[in-house]
Structures are given as C-alpha cells and as structure tokens.
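Raw upload_34.cif, mmCIF, C-alpha atoms:
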data_upload
loop_
_atom_site.group_PDB
_atom_site.id
_atom_site.type_symbol
_atom_site.label_atom_id
_atom_site.label_comp_id
_atom_site.auth_asym_id
_atom_site.auth_seq_id
_atom_site.Cartn_x
_atom_site.Cartn_y
_atom_site.Cartn_z
ATOM 1 C CA MET A 567 94.667 114.751 7.625
ATOM 2 C CA THR A 568 92.884 118.084 8.025
ATOM 3 C CA GLU A 569 92.346 119.137 11.636
ATOM 4 C CA TYR A 570 89.809 121.676 12.838
ATOM 5 C CA LEU A 571 91.000 123.788 15.749
ATOM 6 C CA PHE A 572 88.378 124.969 18.253
ATOM 7 C CA GLU A 573 88.730 127.283 21.238
ATOM 8 C CA MET A 574 86.818 125.589 24.059
ATOM 9 C CA HIS A 575 87.005 128.274 26.770
ATOM 10 C CA ALA A 576 86.525 131.941 25.881
ATOM 11 C CA HIS A 577 84.841 134.980 27.413
ATOM 12 C CA SER A 578 83.845 138.365 26.000
ATOM 13 C CA ARG A 579 83.031 141.569 27.827
ATOM 14 C CA GLU A 580 79.451 141.742 26.552
ATOM 15 C CA VAL A 581 78.519 139.227 29.285
ATOM 16 C CA SER A 582 81.543 138.132 31.341
ATOM 17 C CA ALA A 583 82.218 140.980 33.744
ATOM 18 C CA CYS A 584 85.850 139.893 34.204
ATOM 19 C CA ALA A 585 86.586 140.007 30.447
ATOM 20 C CA HIS A 586 87.947 143.070 28.683
ATOM 21 C CA ALA A 587 87.956 142.020 25.031
ATOM 22 C CA SER A 588 84.864 142.474 22.899
ATOM 23 C CA ALA A 589 83.225 139.808 20.772
ATOM 24 C CA ASP A 590 84.577 141.614 17.710
ATOM 25 C CA GLN A 591 88.145 141.505 19.041
ATOM 26 C CA LEU A 592 87.785 137.877 20.081
ATOM 27 C CA SER A 593 86.583 136.738 16.674
ATOM 28 C CA LYS A 594 89.276 138.618 14.751
ATOM 29 C CA LEU A 595 92.081 137.348 16.990
ATOM 30 C CA TYR A 596 91.049 133.737 16.574
ATOM 31 C CA ALA A 597 90.480 134.028 12.842
ATOM 32 C CA GLU A 598 94.019 135.405 12.544
ATOM 33 C CA LYS A 599 95.303 132.458 14.584
ATOM 34 C CA GLY A 600 93.753 130.007 12.149
ATOM 35 C CA TYR A 601 91.082 128.592 14.441
ATOM 36 C CA TYR A 602 88.065 126.937 12.861
ATOM 37 C CA GLY A 603 85.687 127.819 15.671
ATOM 38 C CA ILE A 604 84.998 129.012 19.196
ATOM 39 C CA VAL A 605 82.693 127.788 21.931
ATOM 40 C CA SER A 606 81.356 130.875 23.699
ATOM 41 C CA THR A 607 81.660 129.953 27.387
ATOM 42 C CA ASN A 608 80.727 133.218 29.048
ATOM 43 C CA HIS A 609 80.330 133.133 32.800
ATOM 44 C CA MET A 610 76.949 132.221 34.180
ATOM 45 C CA ASN A 611 77.431 133.324 37.769
ATOM 46 C CA SER A 612 75.947 135.827 40.187
ATOM 47 C CA HIS A 613 78.526 138.496 39.263
ATOM 48 C CA THR A 614 77.498 138.313 35.594
ATOM 49 C CA PHE A 615 74.080 139.649 36.549
ATOM 50 C CA SER A 616 74.893 141.869 39.536
ATOM 51 C CA SER A 617 77.470 143.761 37.467
ATOM 52 C CA VAL A 618 74.696 145.021 35.170
ATOM 53 C CA GLY A 619 72.022 145.506 37.829
ATOM 54 C CA LEU A 620 70.109 142.309 37.078
ATOM 55 C CA SER A 621 70.440 140.516 40.419
ATOM 56 C CA ASP A 622 66.696 140.688 41.064
ATOM 57 C CA ALA A 623 65.565 140.407 37.461
ATOM 58 C CA PRO A 624 63.368 137.491 36.365
ATOM 59 C CA TRP A 625 65.154 134.545 34.802
ATOM 60 C CA SER A 626 63.836 135.416 31.350
ATOM 61 C CA VAL A 627 65.749 138.703 31.484
ATOM 62 C CA LYS A 628 68.888 137.065 32.845
ATOM 63 C CA ALA A 629 68.732 134.402 30.152
ATOM 64 C CA GLU A 630 68.506 137.005 27.405
ATOM 65 C CA HIS A 631 71.466 138.899 28.835
ATOM 66 C CA PHE A 632 73.552 135.732 28.990
ATOM 67 C CA LEU A 633 72.660 134.757 25.428
ATOM 68 C CA SER A 634 73.495 138.231 24.128
ATOM 69 C CA GLY A 635 77.223 137.476 24.390
ATOM 70 C CA TYR A 636 76.954 134.379 22.219
ATOM 71 C CA ARG A 637 74.811 136.199 19.699
ATOM 72 C CA ALA A 638 77.253 139.111 19.528
ATOM 73 C CA LEU A 639 80.166 136.728 18.951
ATOM 74 C CA LYS A 640 78.287 134.802 16.274
ATOM 75 C CA GLU A 641 77.444 138.038 14.467
ATOM 76 C CA ALA A 642 80.991 139.360 14.765
ATOM 77 C CA ALA A 643 82.505 136.100 13.506
ATOM 78 C CA GLY A 644 80.288 135.985 10.438
ATOM 79 C CA GLU A 645 81.847 133.576 7.946
ATOM 80 C CA MET A 646 85.269 133.687 9.612
ATOM 81 C CA LEU A 647 84.565 131.169 12.392
ATOM 82 C CA THR A 648 81.999 128.678 13.580
ATOM 83 C CA VAL A 649 80.586 129.896 16.900
ATOM 84 C CA LEU A 650 78.780 127.536 19.289
ATOM 85 C CA LEU A 651 76.969 128.215 22.548
ATOM 86 C CA GLY A 652 78.414 126.910 25.807
ATOM 87 C CA MET A 653 78.779 128.230 29.326
ATOM 88 C CA GLU A 654 81.024 128.347 32.356
ATOM 89 C CA ILE A 655 78.614 128.009 35.244
ATOM 90 C CA THR A 656 79.204 128.642 38.940
ATOM 91 C CA PHE A 657 76.499 127.481 41.341
ATOM 92 C CA TYR A 658 75.446 129.400 44.430
ATOM 93 C CA GLY A 659 77.567 128.303 47.399
ATOM 94 C CA ASP A 660 80.018 126.387 45.190
ATOM 95 C CA PRO A 661 83.419 127.964 44.406
ATOM 96 C CA ASN A 662 83.977 125.754 41.366
ATOM 97 C CA ASP A 663 83.558 126.587 37.705
ATOM 98 C CA TYR A 664 82.088 124.059 35.283
ATOM 99 C CA LEU A 665 82.182 124.097 31.483
ATOM 100 C CA VAL A 666 79.069 122.927 29.651
ATOM 101 C CA TYR A 667 79.042 121.910 25.988
ATOM 102 C CA GLY A 668 76.104 121.253 23.675
ATOM 103 C CA VAL A 669 74.032 124.072 25.186
ATOM 104 C CA THR A 670 71.016 125.391 23.305
ATOM 105 C CA GLU A 671 69.214 128.685 23.737
ATOM 106 C CA ASP A 672 66.087 126.803 24.793
ATOM 107 C CA PHE A 673 68.026 125.004 27.521
ATOM 108 C CA VAL A 674 69.134 128.351 28.957
ATOM 109 C CA LYS A 675 65.663 129.912 28.705
ATOM 110 C CA ASN A 676 63.435 127.064 29.859
ATOM 111 C CA ASN A 677 65.026 125.586 32.989
ATOM 112 C CA GLY A 678 64.828 128.449 35.460
ATOM 113 C CA ASP A 679 67.766 129.640 37.528
ATOM 114 C CA LEU A 680 70.415 127.111 36.548
ATOM 115 C CA MET A 681 72.838 128.446 39.167
ATOM 116 C CA ALA A 682 70.446 127.386 41.937
ATOM 117 C CA LEU A 683 70.508 123.707 40.974
ATOM 118 C CA GLY A 684 73.888 122.750 42.400
ATOM 119 C CA ASN A 685 76.310 120.486 40.575
ATOM 120 C CA LYS A 686 74.510 117.156 41.103
ATOM 121 C CA ALA A 687 71.058 118.312 40.004
ATOM 122 C CA PHE A 688 72.560 120.252 37.115
ATOM 123 C CA SER A 689 74.540 117.190 36.039
ATOM 124 C CA SER A 690 71.335 115.173 35.845
ATOM 125 C CA LEU A 691 69.576 117.903 33.881
ATOM 126 C CA ALA A 692 72.527 118.304 31.544
ATOM 127 C CA HIS A 693 72.649 114.592 30.791
ATOM 128 C CA GLU A 694 68.891 114.443 30.236
ATOM 129 C CA ASN A 695 69.463 117.077 27.556
ATOM 130 C CA GLY A 696 72.497 115.427 25.982
ATOM 131 C CA LEU A 697 75.037 117.966 27.251
ATOM 132 C CA ILE A 698 78.660 117.496 28.332
ATOM 133 C CA PHE A 699 79.527 118.591 31.902
ATOM 134 C CA VAL A 700 83.222 119.246 32.604
ATOM 135 C CA GLN A 701 84.939 120.757 35.628
ATOM 136 C CA ALA A 702 87.112 123.721 34.631
ATOM 137 C CA HIS A 703 90.635 124.081 36.088
ATOM 138 C CA PRO A 704 89.740 121.869 39.114
ATOM 139 C CA PHE A 705 93.114 122.250 40.833
ATOM 140 C CA ARG A 706 93.382 126.028 40.582
ATOM 141 C CA ARG A 707 93.638 127.642 44.013
ATOM 142 C CA GLY A 708 90.219 128.072 45.612
ATOM 143 C CA MET A 709 88.574 125.157 43.783
ATOM 144 C CA ARG A 710 87.411 121.999 45.547
ATOM 145 C CA ILE A 711 87.175 118.343 44.613
ATOM 146 C CA VAL A 712 83.698 117.052 43.801
ATOM 147 C CA ASP A 713 82.266 113.615 43.132
ATOM 148 C CA TRP A 714 83.892 112.631 39.854
ATOM 149 C CA ASN A 715 80.902 110.441 38.992
ATOM 150 C CA ILE A 716 78.750 113.498 38.191
ATOM 151 C CA LEU A 717 81.285 114.805 35.668
ATOM 152 C CA ASP A 718 81.918 113.785 32.083
ATOM 153 C CA GLY A 719 85.499 114.941 32.333
ATOM 154 C CA TYR A 720 87.983 117.659 33.195
ATOM 155 C CA GLU A 721 89.666 120.628 31.585
ATOM 156 C CA VAL A 722 93.204 119.221 31.770
ATOM 157 C CA PHE A 723 94.839 122.253 30.154
ATOM 158 C CA ASN A 724 93.864 125.823 31.009
ATOM 159 C CA GLY A 725 96.055 128.400 29.295
ATOM 160 C CA ASN A 726 95.104 131.536 31.200
ATOM 161 C CA PRO A 727 98.395 133.389 31.883
ATOM 162 C CA ARG A 728 97.197 134.997 35.129
ATOM 163 C CA HIS A 729 96.421 131.743 36.947
ATOM 164 C CA ASP A 730 98.333 128.637 37.922
ATOM 165 C CA SER A 731 95.757 125.989 37.105
ATOM 166 C CA SER A 732 97.988 123.019 38.067
ATOM 167 C CA ASN A 733 97.277 121.384 34.730
ATOM 168 C CA GLU A 734 99.620 118.455 35.356
ATOM 169 C CA ILE A 735 97.707 117.484 38.494
ATOM 170 C CA THR A 736 94.404 117.679 36.639
ATOM 171 C CA GLU A 737 95.683 115.407 33.881
ATOM 172 C CA HIS A 738 96.861 112.843 36.424
ATOM 173 C CA TRP A 739 93.527 113.093 38.252
ATOM 174 C CA SER A 740 91.518 112.520 35.077
ATOM 175 C CA LYS A 741 93.545 109.417 34.249
ATOM 176 C CA LEU A 742 93.178 108.138 37.802
ATOM 177 C CA HIS A 743 89.404 108.240 37.485
ATOM 178 C CA GLY A 744 89.290 106.980 33.907
ATOM 179 C CA LYS A 745 87.714 110.107 32.447
ATOM 180 C CA ARG A 746 87.663 109.783 28.661
ATOM 181 C CA ILE A 747 86.614 113.378 27.947
ATOM 182 C CA VAL A 748 89.416 115.859 28.550
ATOM 183 C CA THR A 749 89.528 119.395 27.210
ATOM 184 C CA SER A 750 91.961 122.232 26.629
ATOM 185 C CA GLY A 751 91.134 125.918 26.485
ATOM 186 C CA SER A 752 92.863 129.283 26.522
ATOM 187 C CA ASP A 753 90.432 130.727 29.085
ATOM 188 C CA PHE A 754 90.467 133.898 26.990
ATOM 189 C CA HIS A 755 89.483 137.162 28.683
ATOM 190 C CA ASP A 756 91.707 139.796 27.090
ATOM 191 C CA VAL A 757 93.908 140.527 24.108
ATOM 192 C CA GLY A 758 97.051 138.434 24.525
ATOM 193 C CA ASP A 759 95.244 135.432 25.995
ATOM 194 C CA GLU A 760 94.352 133.982 22.611
ATOM 195 C CA GLY A 761 95.577 130.715 21.188
ATOM 196 C CA THR A 762 97.198 128.965 24.146
ATOM 197 C CA GLY A 763 94.716 126.098 24.179
ATOM 198 C CA GLY A 764 92.003 124.383 22.248
ATOM 199 C CA ILE A 765 91.079 121.122 20.572
ATOM 200 C CA PHE A 766 92.068 119.796 17.148
ATOM 201 C CA PHE A 767 89.022 117.884 15.909
ATOM 202 C CA ASN A 768 89.453 115.185 13.277
ATOM 203 C CA ALA A 769 86.413 116.383 11.323
ATOM 204 C CA ALA A 770 84.593 119.658 10.899
ATOM 205 C CA VAL A 771 82.460 120.634 13.896
ATOM 206 C CA CYS A 772 79.569 122.752 12.644
ATOM 207 C CA SER A 773 76.958 122.304 15.376
ATOM 208 C CA ASN A 774 76.646 121.432 19.028
ATOM 209 C CA LYS A 775 75.513 117.962 17.956
ATOM 210 C CA ASP A 776 78.829 117.550 16.130
ATOM 211 C CA LEU A 777 80.696 118.887 19.141
ATOM 212 C CA VAL A 778 79.104 116.517 21.649
ATOM 213 C CA SER A 779 79.604 113.560 19.340
ATOM 214 C CA ALA A 780 83.285 114.364 18.747
ATOM 215 C CA LEU A 781 83.931 114.767 22.472
ATOM 216 C CA LYS A 782 82.190 111.503 23.331
ATOM 217 C CA ASN A 783 84.006 109.645 20.558
ATOM 218 C CA GLN A 784 87.376 111.195 21.458
ATOM 219 C CA SER A 785 87.816 112.278 17.860
ATOM 220 C CA TYR A 786 90.347 114.958 18.742
ATOM 221 C CA THR A 787 93.729 115.878 20.141
ATOM 222 C CA LEU A 788 94.564 118.664 22.575
ATOM 223 C CA LYS A 789 96.409 121.901 21.942
ATOM 224 C CA ARG A 790 98.299 122.891 25.077
ATOM 225 C CA TYR A 791 100.840 125.608 24.339
ATOM 226 C CA SER A 792 101.010 128.640 22.065
ATOM 227 C CA SER A 793 104.311 127.333 20.642
ATOM 228 C CA GLU A 794 102.366 124.593 18.858
ATOM 229 C CA MET A 795 101.239 127.022 16.155
#

Reformat the file's structure so that it appears as structure tokens.
Amino acid sequence: MTEYLFEMHAHSREVSACAHASADQLSKLYAEKGYYGIVSTNHMNSHTFSSVGLSDAPWSVKAEHFLSGYRALKEAAGEMLTVLLGMEITFYGDPNDYLVYGVTEDFVKNNGDLMALGNKAFSSLAHENGLIFVQAHPFRRGMRIVDWNILDGYEVFNGNPRHDSSNEITEHWSKLHGKRIVTSGSDFHDVGDEGTGGIFFNAAVCSNKDLVSALKNQSYTLKRYSSEM
C-alpha cells in the first residue's frame, strides 16, 4: 500500500522568528527526504509580530505577514510537495502552544486577533469552522495542562532535538483521555531538524479538507524517529 508522508509541524524564518531555515531550504530538504507534503505551522504569537515591528499594526497587516510564510513555502515547493496552511498558536497569557489544522486564509483574515481569544473560545471557533485543534508538546517544560475536552488531540511525538518534549508521557496522557487524534511532527526550525516526525497517510492528502478528514478517520500511522527512513 502506498503511504503519503506529511510533515505536520514546521517553521520557516519568513514568519517564525525562532526559525533559521528559509522556505526554500525547508521545501528542498523535505523533497529530498521523500515527503509528500508539509503543513506550514508557523508561529502565531506576539513575538512573531514584535520581531518585525508589527506589535501595534492592525490585524489585517498581521494576518498578511503570517500568511506570507505559507505563501513563500508553497511557491518554493512548486510541484515537489503539497503545502497546506496550518498554525502553531500561542494565546496571550497562556504559555502553551497549540497546532491547528484545516486553516484557511479567510479564517486567519476574518476573525480578528486570534491570540486574544484564549484556548476555550478559540476551540469553539475552530470547531465551528471545521478545524482540528491539538495541543503541541504538552509535557515539555513550561507547558501546563488544560481541559482535555476542548482539544481534539495531542502531538504525541515532537522530534525537535533541542527540547525534551516528554513524548512518552504525552502518549500515555492521550490514551488516558481517549483522544483518537494524535500527531507526530519534527518541529522543524533549522537545517538538521528535518525528517524526525510526521504522518504516513493511507491516501493522498491534497487539501485541508483531505487532511481534516484523514485525521478524523484515523487513516494514518505515525512516524516517530529519523531511523524509520
């Protein structure tokens, strides 16, 4: 059976201030690794905008800046990879990071300052729009436990080499609460981070509609370690 490998957690320097690799580098690295696609999950947090002098900019300007990273990656990938829009959002006053799948450009543009909503209000909005809301690396140092009822699932494998994400604890936690949606991602920020995580989908994922459906139907297996390829 053909499997379609997707990176579910990746950042590029065009938007994520903590990333050093460009969209061009990111796309070439993953094409060389044999990935079918990437979900662009650049950071949507206060630092993303303050780092480029946009702290006081209107949301329309912030939204365009955020979307520029996805657009740059899509252009750089060309025919090599399928590129989908996602995000890793951090709300004001909340130390946690949350991965969002199924995101559209209109969702980013038309709902005001998403970081101001908080996790519960954002969860409701996300579900009204058919999105998947997952807590990233929930047992990494500095994170806190939140009401599992507002989440669709957890990132049970985070492959970033500079963090101990306590993946085993997260996997146990997700099973304890019966979460059917679990994800794996490399948490790519720089050259050398590529290919440690991802998801093998059972069928081609060509759109965010496909992505959401595959996640909900559990039509996938997880990639957890670089030695698997």

Open item on the list: Could you list, as a PyMOL selection string, every residue within 10 Å of segment 704-714 of chain A, counting all atoms listed in the file and ignoring same-chain residues fewer than 2 positions away?
Closed with: chain A and resi 660-664+685-686+700-702+716-722+724+729-736+739-740+743-745

TODO: Quick one: everything within 6 Å of segment 602-605 of chain A, counting only C-alpha atoms, minus sequence neighbours fewer than 3 positions away in the same chain. Send it as a PyMOL selection string.
DONE: chain A and resi 570-574+647-652

Open item on the list: Residues near Lys775 of chain A, anyone? I mean within 10 Å using only C-alpha atoms, not counting same-chain ones fewer than 4 positions away, as a list in words.
Closed with: Tyr667, Gly668, Val669, Gly696, Leu697, Val771, Ser779 and Ala780 of chain A

Selection to disk with C-alpha atoms, as a PDB file, in the frame of the given file:
ATOM      1  CA  TYR A 667      79.042 121.910  25.988  1.00  0.00           C
ATOM      2  CA  GLY A 668      76.104 121.253  23.675  1.00  0.00           C
ATOM      3  CA  VAL A 669      74.032 124.072  25.186  1.00  0.00           C
ATOM      4  CA  GLY A 696      72.497 115.427  25.982  1.00  0.00           C
ATOM      5  CA  LEU A 697      75.037 117.966  27.251  1.00  0.00           C
ATOM      6  CA  VAL A 771      82.460 120.634  13.896  1.00  0.00           C
ATOM      7  CA  SER A 779      79.604 113.560  19.340  1.00  0.00           C
ATOM      8  CA  ALA A 780      83.285 114.364  18.747  1.00  0.00           C
TER       9      ALA A 780
END

TODO: Could you please determine the separation between atom CA of Ala629 of chain A and atom CA of Leu595 of chain A in Å, to one decimal place?
DONE: 27.0 Å

So what does the PyMOL selection byres ((chain A and resi 762) around 12) actually pick up in this one, as a short mmCIF file (atom, residue, chain, number, x, y, z; two decimals) with C-alpha atoms, in the frame of the given file?
data_model
loop_
_atom_site.label_atom_id
_atom_site.label_comp_id
_atom_site.auth_asym_id
_atom_site.auth_seq_id
_atom_site.Cartn_x
_atom_site.Cartn_y
_atom_site.Cartn_z
CA LEU A 571 91.00 123.79 15.75
CA PHE A 572 88.38 124.97 18.25
CA GLU A 573 88.73 127.28 21.24
CA MET A 574 86.82 125.59 24.06
CA HIS A 575 87.00 128.27 26.77
CA ALA A 576 86.52 131.94 25.88
CA TYR A 596 91.05 133.74 16.57
CA LYS A 599 95.30 132.46 14.58
CA TYR A 601 91.08 128.59 14.44
CA PHE A 723 94.84 122.25 30.15
CA ASN A 724 93.86 125.82 31.01
CA GLY A 725 96.06 128.40 29.30
CA ASN A 726 95.10 131.54 31.20
CA PRO A 727 98.40 133.39 31.88
CA SER A 750 91.96 122.23 26.63
CA GLY A 751 91.13 125.92 26.48
CA SER A 752 92.86 129.28 26.52
CA ASP A 753 90.43 130.73 29.08
CA PHE A 754 90.47 133.90 26.99
CA GLY A 758 97.05 138.43 24.52
CA ASP A 759 95.24 135.43 26.00
CA GLU A 760 94.35 133.98 22.61
CA GLY A 761 95.58 130.72 21.19
CA GLY A 763 94.72 126.10 24.18
CA GLY A 764 92.00 124.38 22.25
CA ILE A 765 91.08 121.12 20.57
CA LEU A 788 94.56 118.66 22.58
CA LYS A 789 96.41 121.90 21.94
CA ARG A 790 98.30 122.89 25.08
CA TYR A 791 100.84 125.61 24.34
CA SER A 792 101.01 128.64 22.06
CA SER A 793 104.31 127.33 20.64
CA GLU A 794 102.37 124.59 18.86
CA MET A 795 101.24 127.02 16.16
#

Task: Point-to-point distance in Å for atom CA of Ile698 of chain A and atom CA of Ser612 of chain A - done: 22.0 Å

TODO: Tell me which protein, DNA and RNA residues are within 10 Å of Ser617 of chain A, counting all atoms listed in the file, leaving out same-chain ones fewer than 5 positions away, and put them as an MDAnalysis selection string.
DONE: chainID A and resid 581:584 612

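Across the model, the gap from atom CA of Arg637 of chain A to atom CA of Gly600 of chain A is 21.3 Å.
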
Open item on the list: Considering only C-alpha atoms, can you say which of A:Met681, A:Leu781, A:Met646, A:Leu665 comes closest to Phe615 of chain A?
Closed with: A:Met681

Open item on the list: Suppose a student applies the PyMOL selection byres ((chain A and resi 577) around 7) to this structure; what residues should they get, written as a ChimeraX atom specification?
Closed with: /A:576,578-579,582,585,606-608,754-755

Task: Selection near Asp679 of chain A, 10 Å with only C-alpha atoms, sequence-local residues under 5 positions removed, as a ChimeraX atom specification - done: /A:624-626,628-629,657,674

Export of prior selection with C-alpha atoms as an mmCIF file, in the coordinates of the input:
data_model
loop_
_atom_site.group_PDB
_atom_site.id
_atom_site.type_symbol
_atom_site.label_atom_id
_atom_site.label_comp_id
_atom_site.auth_asym_id
_atom_site.auth_seq_id
_atom_site.Cartn_x
_atom_site.Cartn_y
_atom_site.Cartn_z
ATOM 1 C CA PRO A 624 63.368 137.491 36.365
ATOM 2 C CA TRP A 625 65.154 134.545 34.802
ATOM 3 C CA SER A 626 63.836 135.416 31.350
ATOM 4 C CA LYS A 628 68.888 137.065 32.845
ATOM 5 C CA ALA A 629 68.732 134.402 30.152
ATOM 6 C CA PHE A 657 76.499 127.481 41.341
ATOM 7 C CA VAL A 674 69.134 128.351 28.957
#
